[in-house]
Amino acid sequence: MEVCALPGVDASARADAHYLAGRGAMAVELGHLPAARQELERLRGLARRFAAAGA
């Protein structure tokens, strides 16, 4: 699910999504998979918050 495309997502939440995605990508590049999974879970939590608000 793309967080930035969800209805009701403001600029701050979009910035958070980009930040978390960047941290996750950096963790993968560095080979730190537990950190990448953690950032992915944070990103999914952000998406769930806005998906629930838009439903």
# chains A, B, ... in the order shown; residues from 1 in each chain; ligands from 1

call {"tool": "residues_around", "arguments": {"residues": "A:Leu6", "least_positions_apart": "2", "cutoff": "10 Å", "atoms": "only C-alpha atoms", "output": "list in words"}}
result
Met1, Glu2, Val3, Cys4, Gly8, Val9, Asp10, Arg14, Ala47, Phe50, Ala51, Ala53 and Gly54 of chain A

call {"tool": "select_by_dssp", "arguments": {"residues": "chain A", "states": "helix (DSSP H, G or I)", "output": "ChimeraX atom specification"}}
result
/A:3-5,11-29,33-54

call {"tool": "residues_around", "arguments": {"residues": "A:Ala17", "least_positions_apart": "4", "cutoff": "9 Å", "atoms": "only C-alpha atoms", "output": "list in words"}}
result
Val3, Cys4, Ser12, Ala13, Ala21, Gly22, Arg42, Leu43, Leu46 and Ala47 of chain A

call {"tool": "atom_distance", "arguments": {"atom1": "atom CA of A:Ala5", "atom2": "atom CA of A:His32"}}
result
28.3 Å

call {"tool": "atom_distance", "arguments": {"atom1": "atom CA of A:Glu29", "atom2": "atom CA of A:Ala15"}}
result
21.0 Å

call {"tool": "residues_around", "arguments": {"residues": "A:Val28", "least_positions_apart": "6", "cutoff": "12 Å", "atoms": "only C-alpha atoms", "output": "number ranges by chain"}}
result
A: 21-22, 34-40

call {"tool": "write_last_selection", "arguments": {"atoms": "N, CA and C atoms", "output": "CSV table (one decimal), in the first residue's frame"}}
result
chain,number,residue,atom,x,y,z
A,21,ALA,N,10.9,4.9,4.6
A,21,ALA,CA,11.3,4.1,3.4
A,21,ALA,C,12.8,4.3,3.2
A,22,GLY,N,13.3,5.5,3.3
A,22,GLY,CA,14.8,5.7,3.2
A,22,GLY,C,15.6,5.0,4.2
A,34,PRO,N,17.2,-6.9,10.4
A,34,PRO,CA,16.3,-6.7,11.5
A,34,PRO,C,15.9,-5.2,11.5
A,35,ALA,N,16.8,-4.3,11.3
A,35,ALA,CA,16.5,-2.9,11.3
A,35,ALA,C,15.5,-2.6,10.1
A,36,ALA,N,15.8,-3.2,8.9
A,36,ALA,CA,14.9,-3.0,7.8
A,36,ALA,C,13.5,-3.5,8.1
A,37,ARG,N,13.4,-4.6,8.7
A,37,ARG,CA,12.0,-5.1,9.1
A,37,ARG,C,11.3,-4.1,10.0
A,38,GLN,N,12.1,-3.6,11.0
A,38,GLN,CA,11.5,-2.6,11.9
A,38,GLN,C,11.0,-1.4,11.2
A,39,GLU,N,11.7,-0.9,10.3
A,39,GLU,CA,11.3,0.3,9.5
A,39,GLU,C,10.1,0.0,8.7
A,40,LEU,N,10.1,-1.2,8.1
A,40,LEU,CA,8.9,-1.6,7.3
A,40,LEU,C,7.7,-1.7,8.2

call {"tool": "atom_distance", "arguments": {"atom1": "atom CA of A:Arg48", "atom2": "atom CA of A:Gly31"}}
result
26.7 Å

call {"tool": "decode", "arguments": {"residues": "stretch 3-15 of chain A", "atoms": "all heavy atoms", "output": "PDB file, in the first residue's frame"}}
result
ATOM      1  N   VAL A   3       1.497   4.809   0.999  1.00  0.00           N
ATOM      2  CA  VAL A   3       0.993   5.734   2.015  1.00  0.00           C
ATOM      3  C   VAL A   3       0.648   7.084   1.394  1.00  0.00           C
ATOM      4  O   VAL A   3      -0.398   7.658   1.678  1.00  0.00           O
ATOM      5  CB  VAL A   3       2.025   5.917   3.149  1.00  0.00           C
ATOM      6  CG1 VAL A   3       1.556   6.959   4.142  1.00  0.00           C
ATOM      7  CG2 VAL A   3       2.295   4.599   3.826  1.00  0.00           C
ATOM      8  N   CYS A   4       1.485   7.584   0.531  1.00  0.00           N
ATOM      9  CA  CYS A   4       1.295   8.924  -0.023  1.00  0.00           C
ATOM     10  C   CYS A   4       0.037   9.040  -0.874  1.00  0.00           C
ATOM     11  O   CYS A   4      -0.457  10.137  -1.094  1.00  0.00           O
ATOM     12  CB  CYS A   4       2.514   9.339  -0.831  1.00  0.00           C
ATOM     13  SG  CYS A   4       3.994   9.471   0.180  1.00  0.00           S
ATOM     14  N   ALA A   5      -0.498   7.931  -1.371  1.00  0.00           N
ATOM     15  CA  ALA A   5      -1.694   7.954  -2.217  1.00  0.00           C
ATOM     16  C   ALA A   5      -2.986   7.843  -1.413  1.00  0.00           C
ATOM     17  O   ALA A   5      -4.061   7.989  -1.976  1.00  0.00           O
ATOM     18  CB  ALA A   5      -1.621   6.833  -3.237  1.00  0.00           C
ATOM     19  N   LEU A   6      -2.882   7.594  -0.127  1.00  0.00           N
ATOM     20  CA  LEU A   6      -4.084   7.432   0.691  1.00  0.00           C
ATOM     21  C   LEU A   6      -4.764   8.779   0.909  1.00  0.00           C
ATOM     22  O   LEU A   6      -4.094   9.807   1.042  1.00  0.00           O
ATOM     23  CB  LEU A   6      -3.725   6.818   2.044  1.00  0.00           C
ATOM     24  CG  LEU A   6      -3.230   5.383   2.008  1.00  0.00           C
ATOM     25  CD1 LEU A   6      -2.719   4.977   3.387  1.00  0.00           C
ATOM     26  CD2 LEU A   6      -4.338   4.456   1.567  1.00  0.00           C
ATOM     27  N   PRO A   7      -6.106   8.785   0.954  1.00  0.00           N
ATOM     28  CA  PRO A   7      -6.812  10.044   1.213  1.00  0.00           C
ATOM     29  C   PRO A   7      -6.548  10.532   2.629  1.00  0.00           C
ATOM     30  O   PRO A   7      -6.425   9.739   3.560  1.00  0.00           O
ATOM     31  CB  PRO A   7      -8.289   9.677   1.023  1.00  0.00           C
ATOM     32  CG  PRO A   7      -8.347   8.201   1.124  1.00  0.00           C
ATOM     33  CD  PRO A   7      -7.000   7.664   0.757  1.00  0.00           C
ATOM     34  N   GLY A   8      -6.436  11.806   2.784  1.00  0.00           N
ATOM     35  CA  GLY A   8      -6.257  12.399   4.098  1.00  0.00           C
ATOM     36  C   GLY A   8      -4.817  12.461   4.591  1.00  0.00           C
ATOM     37  O   GLY A   8      -4.560  12.900   5.703  1.00  0.00           O
ATOM     38  N   VAL A   9      -3.868  12.040   3.770  1.00  0.00           N
ATOM     39  CA  VAL A   9      -2.459  12.068   4.180  1.00  0.00           C
ATOM     40  C   VAL A   9      -1.914  13.474   3.952  1.00  0.00           C
ATOM     41  O   VAL A   9      -1.997  14.014   2.852  1.00  0.00           O
ATOM     42  CB  VAL A   9      -1.633  11.029   3.392  1.00  0.00           C
ATOM     43  CG1 VAL A   9      -0.167  11.148   3.716  1.00  0.00           C
ATOM     44  CG2 VAL A   9      -2.137   9.631   3.685  1.00  0.00           C
ATOM     45  N   ASP A  10      -1.405  14.071   5.009  1.00  0.00           N
ATOM     46  CA  ASP A  10      -0.873  15.425   4.897  1.00  0.00           C
ATOM     47  C   ASP A  10       0.617  15.400   4.577  1.00  0.00           C
ATOM     48  O   ASP A  10       1.234  14.338   4.475  1.00  0.00           O
ATOM     49  CB  ASP A  10      -1.152  16.211   6.174  1.00  0.00           C
ATOM     50  CG  ASP A  10      -0.535  15.585   7.410  1.00  0.00           C
ATOM     51  OD1 ASP A  10       0.181  14.574   7.283  1.00  0.00           O
ATOM     52  OD2 ASP A  10      -0.763  16.115   8.507  1.00  0.00           O
ATOM     53  N   ALA A  11       1.180  16.580   4.416  1.00  0.00           N
ATOM     54  CA  ALA A  11       2.594  16.703   4.044  1.00  0.00           C
ATOM     55  C   ALA A  11       3.512  16.090   5.095  1.00  0.00           C
ATOM     56  O   ALA A  11       4.525  15.476   4.762  1.00  0.00           O
ATOM     57  CB  ALA A  11       2.951  18.168   3.817  1.00  0.00           C
ATOM     58  N   SER A  12       3.158  16.219   6.346  1.00  0.00           N
ATOM     59  CA  SER A  12       3.974  15.663   7.421  1.00  0.00           C
ATOM     60  C   SER A  12       4.002  14.132   7.355  1.00  0.00           C
ATOM     61  O   SER A  12       5.063  13.513   7.511  1.00  0.00           O
ATOM     62  CB  SER A  12       3.433  16.126   8.770  1.00  0.00           C
ATOM     63  OG  SER A  12       4.147  15.536   9.818  1.00  0.00           O
ATOM     64  N   ALA A  13       2.857  13.523   7.110  1.00  0.00           N
ATOM     65  CA  ALA A  13       2.793  12.068   7.013  1.00  0.00           C
ATOM     66  C   ALA A  13       3.537  11.574   5.772  1.00  0.00           C
ATOM     67  O   ALA A  13       4.185  10.529   5.814  1.00  0.00           O
ATOM     68  CB  ALA A  13       1.346  11.606   6.978  1.00  0.00           C
ATOM     69  N   ARG A  14       3.442  12.311   4.665  1.00  0.00           N
ATOM     70  CA  ARG A  14       4.198  11.939   3.464  1.00  0.00           C
ATOM     71  C   ARG A  14       5.690  12.007   3.736  1.00  0.00           C
ATOM     72  O   ARG A  14       6.454  11.121   3.338  1.00  0.00           O
ATOM     73  CB  ARG A  14       3.828  12.840   2.293  1.00  0.00           C
ATOM     74  CG  ARG A  14       2.518  12.450   1.639  1.00  0.00           C
ATOM     75  CD  ARG A  14       2.315  13.155   0.312  1.00  0.00           C
ATOM     76  NE  ARG A  14       2.246  14.601   0.423  1.00  0.00           N
ATOM     77  CZ  ARG A  14       1.154  15.275   0.723  1.00  0.00           C
ATOM     78  NH1 ARG A  14       0.021  14.647   0.920  1.00  0.00           N
ATOM     79  NH2 ARG A  14       1.186  16.591   0.804  1.00  0.00           N
ATOM     80  N   ALA A  15       6.119  13.030   4.457  1.00  0.00           N
ATOM     81  CA  ALA A  15       7.537  13.150   4.806  1.00  0.00           C
ATOM     82  C   ALA A  15       7.966  11.986   5.705  1.00  0.00           C
ATOM     83  O   ALA A  15       9.049  11.424   5.525  1.00  0.00           O
ATOM     84  CB  ALA A  15       7.800  14.490   5.498  1.00  0.00           C
TER      85      ALA A  15
END
